[in-house]
$ cat target_28.cif   # mmCIF, N, CA and C atoms
data_target
loop_
_atom_site.label_atom_id
_atom_site.label_comp_id
_atom_site.auth_asym_id
_atom_site.auth_seq_id
_atom_site.Cartn_x
_atom_site.Cartn_y
_atom_site.Cartn_z
N MET A 252 53.02 79.58 125.43
CA MET A 252 53.63 80.84 125.06
C MET A 252 52.63 81.68 124.25
N THR A 253 52.53 82.95 124.60
CA THR A 253 51.59 83.85 123.95
C THR A 253 52.20 84.37 122.65
N MET A 254 51.36 84.43 121.61
CA MET A 254 51.79 84.99 120.33
C MET A 254 52.01 86.50 120.50
N LEU A 255 53.06 87.00 119.90
CA LEU A 255 53.35 88.42 119.94
C LEU A 255 52.46 89.11 118.91
N ASN A 256 51.63 90.04 119.38
CA ASN A 256 50.73 90.78 118.50
C ASN A 256 50.75 92.25 118.89
N PRO A 257 50.59 93.13 117.90
CA PRO A 257 50.54 94.55 118.23
C PRO A 257 49.19 94.91 118.86
N THR A 258 49.24 95.84 119.79
CA THR A 258 48.01 96.37 120.38
C THR A 258 47.74 97.77 119.85
N GLU A 259 48.77 98.37 119.23
CA GLU A 259 48.64 99.73 118.71
C GLU A 259 49.75 99.97 117.67
N ILE A 260 49.37 100.57 116.56
CA ILE A 260 50.34 100.99 115.54
C ILE A 260 49.96 102.41 115.14
N THR A 261 50.89 103.35 115.31
CA THR A 261 50.61 104.75 115.00
C THR A 261 51.73 105.31 114.14
N LEU A 262 51.36 105.99 113.06
CA LEU A 262 52.32 106.71 112.25
C LEU A 262 52.34 108.16 112.74
N HIS A 263 53.51 108.64 113.09
CA HIS A 263 53.69 110.03 113.49
C HIS A 263 54.38 110.73 112.32
N GLN A 264 53.58 111.35 111.45
CA GLN A 264 54.12 111.91 110.20
C GLN A 264 55.08 113.06 110.44
N GLN A 265 54.80 113.92 111.41
CA GLN A 265 55.67 115.07 111.62
C GLN A 265 57.05 114.64 112.12
N SER A 266 57.11 113.69 113.04
CA SER A 266 58.40 113.22 113.57
C SER A 266 58.94 112.02 112.79
N LYS A 267 58.19 111.57 111.78
CA LYS A 267 58.59 110.46 110.92
C LYS A 267 58.94 109.21 111.73
N LEU A 268 57.99 108.80 112.58
CA LEU A 268 58.16 107.62 113.42
C LEU A 268 56.96 106.70 113.32
N LEU A 269 57.21 105.41 113.33
CA LEU A 269 56.15 104.42 113.49
C LEU A 269 56.25 103.94 114.93
N GLU A 270 55.18 104.12 115.66
CA GLU A 270 55.13 103.67 117.06
C GLU A 270 54.31 102.39 117.11
N ILE A 271 54.88 101.38 117.74
CA ILE A 271 54.17 100.10 117.83
C ILE A 271 54.26 99.59 119.26
N ALA A 272 53.10 99.17 119.77
CA ALA A 272 53.02 98.57 121.10
C ALA A 272 52.57 97.12 120.93
N PHE A 273 53.15 96.24 121.75
CA PHE A 273 52.83 94.82 121.68
C PHE A 273 52.13 94.34 122.94
N ASN A 274 51.49 93.19 122.80
CA ASN A 274 50.73 92.63 123.92
C ASN A 274 51.61 92.13 125.07
N ASP A 275 52.93 92.15 124.91
CA ASP A 275 53.82 91.79 126.02
C ASP A 275 54.23 93.03 126.82
N GLY A 276 53.68 94.21 126.43
CA GLY A 276 53.98 95.45 127.14
C GLY A 276 55.09 96.27 126.49
N SER A 277 55.77 95.73 125.52
CA SER A 277 56.85 96.49 124.87
C SER A 277 56.26 97.53 123.92
N ARG A 278 57.00 98.61 123.75
CA ARG A 278 56.58 99.70 122.87
C ARG A 278 57.84 100.28 122.24
N TYR A 279 57.79 100.49 120.93
CA TYR A 279 58.95 101.00 120.21
C TYR A 279 58.54 102.14 119.30
N ARG A 280 59.47 103.08 119.12
CA ARG A 280 59.30 104.19 118.18
C ARG A 280 60.40 104.03 117.14
N LEU A 281 60.01 103.63 115.94
CA LEU A 281 60.96 103.30 114.89
C LEU A 281 60.92 104.38 113.79
N PRO A 282 62.04 105.09 113.60
CA PRO A 282 62.08 106.11 112.55
C PRO A 282 61.85 105.50 111.17
N TYR A 283 61.19 106.27 110.31
CA TYR A 283 60.93 105.81 108.94
C TYR A 283 62.22 105.44 108.23
N GLU A 284 63.25 106.26 108.39
CA GLU A 284 64.53 105.97 107.73
C GLU A 284 65.07 104.62 108.19
N PHE A 285 65.00 104.36 109.49
CA PHE A 285 65.46 103.09 110.05
C PHE A 285 64.69 101.92 109.44
N LEU A 286 63.37 102.06 109.35
CA LEU A 286 62.54 101.00 108.75
C LEU A 286 62.89 100.80 107.28
N ARG A 287 63.14 101.90 106.56
CA ARG A 287 63.45 101.80 105.13
C ARG A 287 64.78 101.09 104.89
N VAL A 288 65.80 101.45 105.66
CA VAL A 288 67.13 100.86 105.42
C VAL A 288 67.21 99.43 105.95
N HIS A 289 66.26 99.03 106.79
CA HIS A 289 66.20 97.66 107.30
C HIS A 289 64.99 96.91 106.75
N SER A 290 64.56 97.29 105.56
CA SER A 290 63.43 96.62 104.93
C SER A 290 63.73 95.13 104.77
N PRO A 291 62.75 94.29 105.06
CA PRO A 291 62.96 92.85 104.91
C PRO A 291 62.86 92.37 103.46
N SER A 292 62.81 93.29 102.51
CA SER A 292 62.66 92.92 101.11
C SER A 292 63.95 92.36 100.51
N ALA A 293 63.81 91.60 99.46
CA ALA A 293 64.97 91.07 98.74
C ALA A 293 65.77 92.21 98.10
N ALA A 294 65.11 93.32 97.77
CA ALA A 294 65.81 94.46 97.18
C ALA A 294 66.82 95.06 98.15
N VAL A 295 66.61 94.87 99.44
CA VAL A 295 67.53 95.38 100.46
C VAL A 295 68.40 94.25 101.02
N ARG A 296 67.78 93.15 101.37
CA ARG A 296 68.50 92.03 101.98
C ARG A 296 69.24 91.15 100.99
N GLY A 297 68.86 91.21 99.72
CA GLY A 297 69.44 90.32 98.73
C GLY A 297 68.76 88.96 98.79
N HIS A 298 69.29 88.03 98.01
CA HIS A 298 68.69 86.70 97.95
C HIS A 298 69.52 85.65 98.66
N GLY A 299 70.51 86.08 99.41
CA GLY A 299 71.36 85.14 100.13
C GLY A 299 72.40 85.90 100.94
N PRO A 300 73.23 85.15 101.67
CA PRO A 300 74.26 85.79 102.50
C PRO A 300 75.18 86.68 101.66
N SER A 301 75.56 87.79 102.23
CA SER A 301 76.48 88.76 101.61
C SER A 301 75.93 89.42 100.35
N GLN A 302 74.62 89.39 100.17
CA GLN A 302 74.02 90.04 99.00
C GLN A 302 73.21 91.28 99.40
N GLU A 303 73.39 91.75 100.63
CA GLU A 303 72.67 92.93 101.08
C GLU A 303 73.04 94.13 100.22
N VAL A 304 72.08 95.01 100.03
CA VAL A 304 72.30 96.23 99.26
C VAL A 304 72.22 97.40 100.23
N LEU A 305 73.35 98.08 100.43
CA LEU A 305 73.40 99.22 101.35
C LEU A 305 72.48 100.33 100.84
N GLN A 306 71.59 100.77 101.69
CA GLN A 306 70.64 101.82 101.34
C GLN A 306 71.25 103.17 101.72
N VAL A 307 71.35 104.07 100.77
CA VAL A 307 71.96 105.37 101.01
C VAL A 307 70.96 106.48 100.68
N GLY A 308 71.17 107.64 101.30
CA GLY A 308 70.35 108.81 101.00
C GLY A 308 68.90 108.70 101.43
N LYS A 309 68.62 107.99 102.50
CA LYS A 309 67.23 107.76 102.90
C LYS A 309 66.80 108.62 104.09
N GLN A 310 67.60 109.62 104.44
CA GLN A 310 67.34 110.43 105.62
C GLN A 310 65.95 111.08 105.62
N ASP A 311 65.47 111.51 104.46
CA ASP A 311 64.21 112.25 104.39
C ASP A 311 63.00 111.40 103.98
N VAL A 312 63.16 110.08 103.94
CA VAL A 312 62.09 109.22 103.46
C VAL A 312 60.86 109.28 104.37
N ASN A 313 59.70 109.17 103.76
CA ASN A 313 58.43 109.16 104.49
C ASN A 313 57.67 107.88 104.19
N VAL A 314 56.84 107.47 105.14
CA VAL A 314 55.91 106.38 104.91
C VAL A 314 54.62 107.04 104.44
N ILE A 315 54.15 106.61 103.26
CA ILE A 315 52.93 107.21 102.72
C ILE A 315 51.73 106.28 102.80
N ASP A 316 51.98 104.99 103.12
CA ASP A 316 50.86 104.06 103.26
C ASP A 316 51.30 102.87 104.10
N VAL A 317 50.38 102.34 104.86
CA VAL A 317 50.61 101.12 105.63
C VAL A 317 49.37 100.24 105.45
N GLN A 318 49.61 98.99 105.10
CA GLN A 318 48.51 98.04 104.86
C GLN A 318 48.72 96.79 105.70
N PRO A 319 47.66 96.29 106.33
CA PRO A 319 47.80 95.02 107.04
C PRO A 319 47.98 93.86 106.06
N VAL A 320 48.74 92.87 106.46
CA VAL A 320 48.92 91.65 105.68
C VAL A 320 48.51 90.51 106.59
N GLY A 321 47.31 89.99 106.35
CA GLY A 321 46.78 88.96 107.23
C GLY A 321 46.78 89.44 108.67
N SER A 322 47.10 88.54 109.58
CA SER A 322 47.16 88.91 111.00
C SER A 322 48.58 88.79 111.52
N TYR A 323 49.57 88.91 110.60
CA TYR A 323 50.95 88.68 111.02
C TYR A 323 51.94 89.76 110.60
N ALA A 324 51.52 90.75 109.80
CA ALA A 324 52.49 91.72 109.29
C ALA A 324 51.81 92.97 108.75
N ILE A 325 52.65 93.95 108.39
CA ILE A 325 52.20 95.12 107.66
C ILE A 325 53.13 95.32 106.46
N LYS A 326 52.59 96.00 105.47
CA LYS A 326 53.37 96.37 104.29
C LYS A 326 53.44 97.89 104.28
N LEU A 327 54.65 98.43 104.24
CA LEU A 327 54.85 99.87 104.23
C LEU A 327 55.18 100.33 102.81
N THR A 328 54.62 101.47 102.44
CA THR A 328 54.96 102.10 101.18
C THR A 328 55.68 103.41 101.52
N PHE A 329 56.88 103.57 100.97
CA PHE A 329 57.70 104.75 101.22
C PHE A 329 57.61 105.69 100.02
N ASP A 330 57.85 106.97 100.27
CA ASP A 330 57.72 107.95 99.20
C ASP A 330 58.85 107.89 98.17
N ASP A 331 59.84 107.03 98.39
CA ASP A 331 60.87 106.83 97.35
C ASP A 331 60.48 105.70 96.41
N GLY A 332 59.26 105.19 96.56
CA GLY A 332 58.75 104.15 95.69
C GLY A 332 58.91 102.73 96.22
N HIS A 333 59.68 102.57 97.29
CA HIS A 333 59.90 101.23 97.84
C HIS A 333 58.63 100.75 98.54
N ASN A 334 58.15 99.57 98.16
CA ASN A 334 56.94 99.04 98.80
C ASN A 334 56.95 97.51 98.86
N THR A 335 58.14 96.92 98.82
CA THR A 335 58.22 95.46 98.93
C THR A 335 58.80 95.11 100.29
N GLY A 336 58.49 93.95 100.73
CA GLY A 336 58.95 93.51 102.05
C GLY A 336 57.82 93.59 103.05
N LEU A 337 57.62 92.51 103.74
CA LEU A 337 56.57 92.46 104.76
C LEU A 337 57.20 92.52 106.14
N TYR A 338 56.76 93.48 106.92
CA TYR A 338 57.27 93.68 108.27
C TYR A 338 56.40 92.86 109.24
N SER A 339 56.85 91.66 109.56
CA SER A 339 56.09 90.80 110.48
C SER A 339 56.18 91.38 111.89
N TRP A 340 55.27 90.95 112.75
CA TRP A 340 55.29 91.41 114.14
C TRP A 340 56.61 91.03 114.79
N ASP A 341 57.08 89.82 114.54
CA ASP A 341 58.36 89.38 115.12
C ASP A 341 59.51 90.25 114.62
N TYR A 342 59.50 90.58 113.32
CA TYR A 342 60.58 91.39 112.77
C TYR A 342 60.54 92.81 113.35
N LEU A 343 59.36 93.41 113.46
CA LEU A 343 59.24 94.74 114.05
C LEU A 343 59.69 94.73 115.51
N ASN A 344 59.36 93.68 116.23
CA ASN A 344 59.80 93.55 117.61
C ASN A 344 61.32 93.44 117.68
N GLU A 345 61.91 92.67 116.78
CA GLU A 345 63.37 92.53 116.71
C GLU A 345 64.02 93.87 116.39
N LEU A 346 63.46 94.61 115.43
CA LEU A 346 64.00 95.93 115.10
C LEU A 346 63.95 96.86 116.31
N GLY A 347 62.86 96.79 117.05
CA GLY A 347 62.73 97.63 118.24
C GLY A 347 63.73 97.26 119.32
N LYS A 348 63.86 95.98 119.59
CA LYS A 348 64.78 95.51 120.64
C LYS A 348 66.23 95.86 120.35
N TYR A 349 66.61 95.74 119.10
CA TYR A 349 68.02 95.91 118.73
C TYR A 349 68.28 97.18 117.93
N GLN A 350 67.38 98.14 118.05
CA GLN A 350 67.44 99.36 117.25
C GLN A 350 68.80 100.07 117.37
N ASP A 351 69.29 100.26 118.58
CA ASP A 351 70.54 101.00 118.76
C ASP A 351 71.71 100.30 118.07
N ALA A 352 71.84 99.00 118.26
CA ALA A 352 72.95 98.25 117.65
C ALA A 352 72.81 98.21 116.13
N LEU A 353 71.60 97.99 115.64
CA LEU A 353 71.37 97.95 114.19
C LEU A 353 71.69 99.30 113.54
N TRP A 354 71.30 100.37 114.21
CA TRP A 354 71.55 101.70 113.67
C TRP A 354 73.06 101.98 113.65
N HIS A 355 73.74 101.62 114.72
CA HIS A 355 75.20 101.79 114.79
C HIS A 355 75.88 101.03 113.65
N ASP A 356 75.49 99.79 113.44
CA ASP A 356 76.06 98.98 112.36
C ASP A 356 75.81 99.62 111.00
N TYR A 357 74.61 100.12 110.80
CA TYR A 357 74.26 100.78 109.53
C TYR A 357 75.14 102.00 109.30
N LEU A 358 75.29 102.84 110.32
CA LEU A 358 76.11 104.05 110.18
C LEU A 358 77.57 103.68 109.89
N CYS A 359 78.08 102.63 110.49
CA CYS A 359 79.44 102.16 110.22
C CYS A 359 79.59 101.70 108.77
N LYS A 360 78.59 100.96 108.27
CA LYS A 360 78.63 100.49 106.88
C LYS A 360 78.59 101.67 105.91
N LEU A 361 77.79 102.68 106.22
CA LEU A 361 77.75 103.88 105.37
C LEU A 361 79.12 104.54 105.33
N ALA A 362 79.74 104.70 106.50
CA ALA A 362 81.05 105.35 106.58
C ALA A 362 82.10 104.56 105.82
N GLU A 363 82.08 103.24 105.98
CA GLU A 363 83.05 102.38 105.28
C GLU A 363 82.90 102.49 103.76
N ALA A 364 81.67 102.68 103.31
CA ALA A 364 81.40 102.78 101.87
C ALA A 364 81.58 104.20 101.35
N GLY A 365 81.85 105.15 102.26
CA GLY A 365 81.98 106.54 101.84
C GLY A 365 80.67 107.14 101.39
N GLU A 366 79.58 106.62 101.93
CA GLU A 366 78.24 107.07 101.55
C GLU A 366 77.62 107.90 102.67
N SER A 367 76.41 108.37 102.42
CA SER A 367 75.74 109.27 103.35
C SER A 367 74.26 108.96 103.48
N ARG A 368 73.68 109.40 104.58
CA ARG A 368 72.24 109.31 104.79
C ARG A 368 71.51 110.38 103.98
N VAL A 369 72.22 111.45 103.64
CA VAL A 369 71.64 112.59 102.93
C VAL A 369 71.32 112.19 101.50
N PRO A 370 70.11 112.49 101.04
CA PRO A 370 69.75 112.15 99.66
C PRO A 370 70.65 112.83 98.65
N HIS A 371 70.97 112.12 97.58
CA HIS A 371 71.73 112.67 96.48
C HIS A 371 70.74 113.32 95.52
N HIS A 372 70.84 114.62 95.37
CA HIS A 372 69.96 115.32 94.44
C HIS A 372 70.73 115.59 93.16
N PRO A 373 70.20 115.17 92.02
CA PRO A 373 70.92 115.43 90.77
C PRO A 373 71.07 116.93 90.54
N VAL A 374 72.20 117.31 90.06
CA VAL A 374 72.45 118.72 89.77
C VAL A 374 71.76 119.05 88.45
N ASP A 375 70.98 120.10 88.49
CA ASP A 375 70.31 120.55 87.27
C ASP A 375 71.32 121.33 86.43
N LEU A 376 71.60 120.85 85.24
CA LEU A 376 72.60 121.47 84.38
C LEU A 376 72.24 122.91 84.04
N LEU A 377 70.95 123.23 84.05
CA LEU A 377 70.54 124.60 83.73
C LEU A 377 70.89 125.56 84.86
N ASP A 378 71.07 125.04 86.06
CA ASP A 378 71.39 125.89 87.20
C ASP A 378 72.89 126.11 87.37
N LYS A 379 73.71 125.42 86.58
CA LYS A 379 75.16 125.57 86.69
C LYS A 379 75.59 126.89 86.06
N PRO A 380 76.46 127.63 86.75
CA PRO A 380 76.96 128.85 86.12
C PRO A 380 77.86 128.52 84.92
N GLU A 381 77.82 129.35 83.95
CA GLU A 381 78.64 129.14 82.76
C GLU A 381 80.11 129.38 83.12
N GLU A 382 80.97 128.60 82.49
CA GLU A 382 82.40 128.79 82.73
C GLU A 382 82.85 130.07 82.05
N ILE A 383 83.72 130.78 82.71
CA ILE A 383 84.28 132.01 82.14
C ILE A 383 85.53 131.62 81.36
N LYS A 384 85.61 132.04 80.12
CA LYS A 384 86.74 131.70 79.28
C LYS A 384 87.71 132.83 79.18
#
$ encode --input "target_28.cif" --output "structure tokens"
Amino acid sequence: MTMLNPTEITLHQQSKLLEIAFNDGSRYRLPYEFLRVHSPSAAVRGHGPSQEVLQVGKQDVNVIDVQPVGSYAIKLTFDDGHNTGLYSWDYLNELGKYQDALWHDYLCKLAEAGESRVPHHPVDLLDKPEEIK
């Protein structure tokens, strides 16, 4: 059995996609938001079953750095400060294969929690109009 290895990894900054091609001929275009909310880090997955942390407000996230980790993974740094979790070739392949189902499940979890993909921006108190008395 041949080891699964990438033959090409491209960041498309304008469309916010990571494109990855593998030596088995498969090719996937994975949105940055999708990669962020499915980070393999303990901060997202938790440390055991049912400890996942739902990621909200990640619609506008960008990848600002990608680093190789040995010959088996990459480490992504996102502009929201998240930079833990190693995306192995097998994990990236799994994300690509099951992208539609994983995305659907994520959107359902957001809806159930009453949350949104849209980032929560703190309201600046100085911009609030004064109450009329």
$ closest_residue --input "target_28.cif" --among "A:Val304, A:His298, A:Leu281, A:Thr335" --to "Ala364 of chain A" --atoms "only C-alpha atoms"
A:Val304
$ residues_near_point --input "target_28.cif" --point "(60.0, 92.4, 101.8)" --cutoff "12 Å" --atoms "only C-alpha atoms" --output "list of chain:residue names"
A:Leu286, A:Arg287, A:Val288, A:His289, A:Ser290, A:Pro291, A:Ser292, A:Ala293, A:Ala294, A:Val295, A:Arg296, A:Gly297, A:His298, A:Val320, A:Ala324, A:Ile325, A:Lys326, A:Leu327, A:Thr328, A:His333, A:Asn334, A:Thr335, A:Gly336, A:Leu337, A:Tyr338, A:Ser339, A:Tyr342
$ write_last_selection --input "target_28.cif" --atoms "N, CA and C atoms" --output "PDB file, in the frame of the given file"
ATOM      1  N   LEU A 286      63.370 102.060 109.350  1.00  0.00           N
ATOM      2  CA  LEU A 286      62.540 101.000 108.750  1.00  0.00           C
ATOM      3  C   LEU A 286      62.890 100.800 107.280  1.00  0.00           C
ATOM      4  N   ARG A 287      63.140 101.900 106.560  1.00  0.00           N
ATOM      5  CA  ARG A 287      63.450 101.800 105.130  1.00  0.00           C
ATOM      6  C   ARG A 287      64.780 101.090 104.890  1.00  0.00           C
ATOM      7  N   VAL A 288      65.800 101.450 105.660  1.00  0.00           N
ATOM      8  CA  VAL A 288      67.130 100.860 105.420  1.00  0.00           C
ATOM      9  C   VAL A 288      67.210  99.430 105.950  1.00  0.00           C
ATOM     10  N   HIS A 289      66.260  99.030 106.790  1.00  0.00           N
ATOM     11  CA  HIS A 289      66.200  97.660 107.300  1.00  0.00           C
ATOM     12  C   HIS A 289      64.990  96.910 106.750  1.00  0.00           C
ATOM     13  N   SER A 290      64.560  97.290 105.560  1.00  0.00           N
ATOM     14  CA  SER A 290      63.430  96.620 104.930  1.00  0.00           C
ATOM     15  C   SER A 290      63.730  95.130 104.770  1.00  0.00           C
ATOM     16  N   PRO A 291      62.750  94.290 105.060  1.00  0.00           N
ATOM     17  CA  PRO A 291      62.960  92.850 104.910  1.00  0.00           C
ATOM     18  C   PRO A 291      62.860  92.370 103.460  1.00  0.00           C
ATOM     19  N   SER A 292      62.810  93.290 102.510  1.00  0.00           N
ATOM     20  CA  SER A 292      62.660  92.920 101.110  1.00  0.00           C
ATOM     21  C   SER A 292      63.950  92.360 100.510  1.00  0.00           C
ATOM     22  N   ALA A 293      63.810  91.600  99.460  1.00  0.00           N
ATOM     23  CA  ALA A 293      64.970  91.070  98.740  1.00  0.00           C
ATOM     24  C   ALA A 293      65.770  92.210  98.100  1.00  0.00           C
ATOM     25  N   ALA A 294      65.110  93.320  97.770  1.00  0.00           N
ATOM     26  CA  ALA A 294      65.810  94.460  97.180  1.00  0.00           C
ATOM     27  C   ALA A 294      66.820  95.060  98.150  1.00  0.00           C
ATOM     28  N   VAL A 295      66.610  94.870  99.440  1.00  0.00           N
ATOM     29  CA  VAL A 295      67.530  95.380 100.460  1.00  0.00           C
ATOM     30  C   VAL A 295      68.400  94.250 101.020  1.00  0.00           C
ATOM     31  N   ARG A 296      67.780  93.150 101.370  1.00  0.00           N
ATOM     32  CA  ARG A 296      68.500  92.030 101.980  1.00  0.00           C
ATOM     33  C   ARG A 296      69.240  91.150 100.990  1.00  0.00           C
ATOM     34  N   GLY A 297      68.860  91.210  99.720  1.00  0.00           N
ATOM     35  CA  GLY A 297      69.440  90.320  98.730  1.00  0.00           C
ATOM     36  C   GLY A 297      68.760  88.960  98.790  1.00  0.00           C
ATOM     37  N   HIS A 298      69.290  88.030  98.010  1.00  0.00           N
ATOM     38  CA  HIS A 298      68.690  86.700  97.950  1.00  0.00           C
ATOM     39  C   HIS A 298      69.520  85.650  98.660  1.00  0.00           C
ATOM     40  N   VAL A 320      48.740  92.870 106.460  1.00  0.00           N
ATOM     41  CA  VAL A 320      48.920  91.650 105.680  1.00  0.00           C
ATOM     42  C   VAL A 320      48.510  90.510 106.590  1.00  0.00           C
ATOM     43  N   ALA A 324      51.520  90.750 109.800  1.00  0.00           N
ATOM     44  CA  ALA A 324      52.490  91.720 109.290  1.00  0.00           C
ATOM     45  C   ALA A 324      51.810  92.970 108.750  1.00  0.00           C
ATOM     46  N   ILE A 325      52.650  93.950 108.390  1.00  0.00           N
ATOM     47  CA  ILE A 325      52.200  95.120 107.660  1.00  0.00           C
ATOM     48  C   ILE A 325      53.130  95.320 106.460  1.00  0.00           C
ATOM     49  N   LYS A 326      52.590  96.000 105.470  1.00  0.00           N
ATOM     50  CA  LYS A 326      53.370  96.370 104.290  1.00  0.00           C
ATOM     51  C   LYS A 326      53.440  97.890 104.280  1.00  0.00           C
ATOM     52  N   LEU A 327      54.650  98.430 104.240  1.00  0.00           N
ATOM     53  CA  LEU A 327      54.850  99.870 104.230  1.00  0.00           C
ATOM     54  C   LEU A 327      55.180 100.330 102.810  1.00  0.00           C
ATOM     55  N   THR A 328      54.620 101.470 102.440  1.00  0.00           N
ATOM     56  CA  THR A 328      54.960 102.100 101.180  1.00  0.00           C
ATOM     57  C   THR A 328      55.680 103.410 101.520  1.00  0.00           C
ATOM     58  N   HIS A 333      59.680 102.570  97.290  1.00  0.00           N
ATOM     59  CA  HIS A 333      59.900 101.230  97.840  1.00  0.00           C
ATOM     60  C   HIS A 333      58.630 100.750  98.540  1.00  0.00           C
ATOM     61  N   ASN A 334      58.150  99.570  98.160  1.00  0.00           N
ATOM     62  CA  ASN A 334      56.940  99.040  98.800  1.00  0.00           C
ATOM     63  C   ASN A 334      56.950  97.510  98.860  1.00  0.00           C
ATOM     64  N   THR A 335      58.140  96.920  98.820  1.00  0.00           N
ATOM     65  CA  THR A 335      58.220  95.460  98.930  1.00  0.00           C
ATOM     66  C   THR A 335      58.800  95.110 100.290  1.00  0.00           C
ATOM     67  N   GLY A 336      58.490  93.950 100.730  1.00  0.00           N
ATOM     68  CA  GLY A 336      58.950  93.510 102.050  1.00  0.00           C
ATOM     69  C   GLY A 336      57.820  93.590 103.050  1.00  0.00           C
ATOM     70  N   LEU A 337      57.620  92.510 103.740  1.00  0.00           N
ATOM     71  CA  LEU A 337      56.570  92.460 104.760  1.00  0.00           C
ATOM     72  C   LEU A 337      57.200  92.520 106.140  1.00  0.00           C
ATOM     73  N   TYR A 338      56.760  93.480 106.920  1.00  0.00           N
ATOM     74  CA  TYR A 338      57.270  93.680 108.270  1.00  0.00           C
ATOM     75  C   TYR A 338      56.400  92.860 109.240  1.00  0.00           C
ATOM     76  N   SER A 339      56.850  91.660 109.560  1.00  0.00           N
ATOM     77  CA  SER A 339      56.090  90.800 110.480  1.00  0.00           C
ATOM     78  C   SER A 339      56.180  91.380 111.890  1.00  0.00           C
ATOM     79  N   TYR A 342      59.500  90.580 113.320  1.00  0.00           N
ATOM     80  CA  TYR A 342      60.580  91.390 112.770  1.00  0.00           C
ATOM     81  C   TYR A 342      60.540  92.810 113.350  1.00  0.00           C
TER      82      TYR A 342
END
$ resolve_selection --input "target_28.cif" --expression "the PyMOL selection byres ((chain A and resi 313) around 5)" --output "VMD selection string"
chain A and resid 311 to 312 314 to 315 329 to 330
$ atom_distance --input "target_28.cif" --atom1 "atom CA of Asp275 of chain A" --atom2 "atom C of Asn256 of chain A"
7.8 Å
$ resolve_selection --input "target_28.cif" --expression "the PyMOL selection byres ((chain A and resi 274) around 6.5)" --output "ChimeraX atom specification"
/A:255-258,272-273,275-277
$ select_by_dssp --input "target_28.cif" --residues "chain A" --states "alpha helix (DSSP H)" --output "ChimeraX atom specification"
/A:283-288,293-296,340-348,350-364
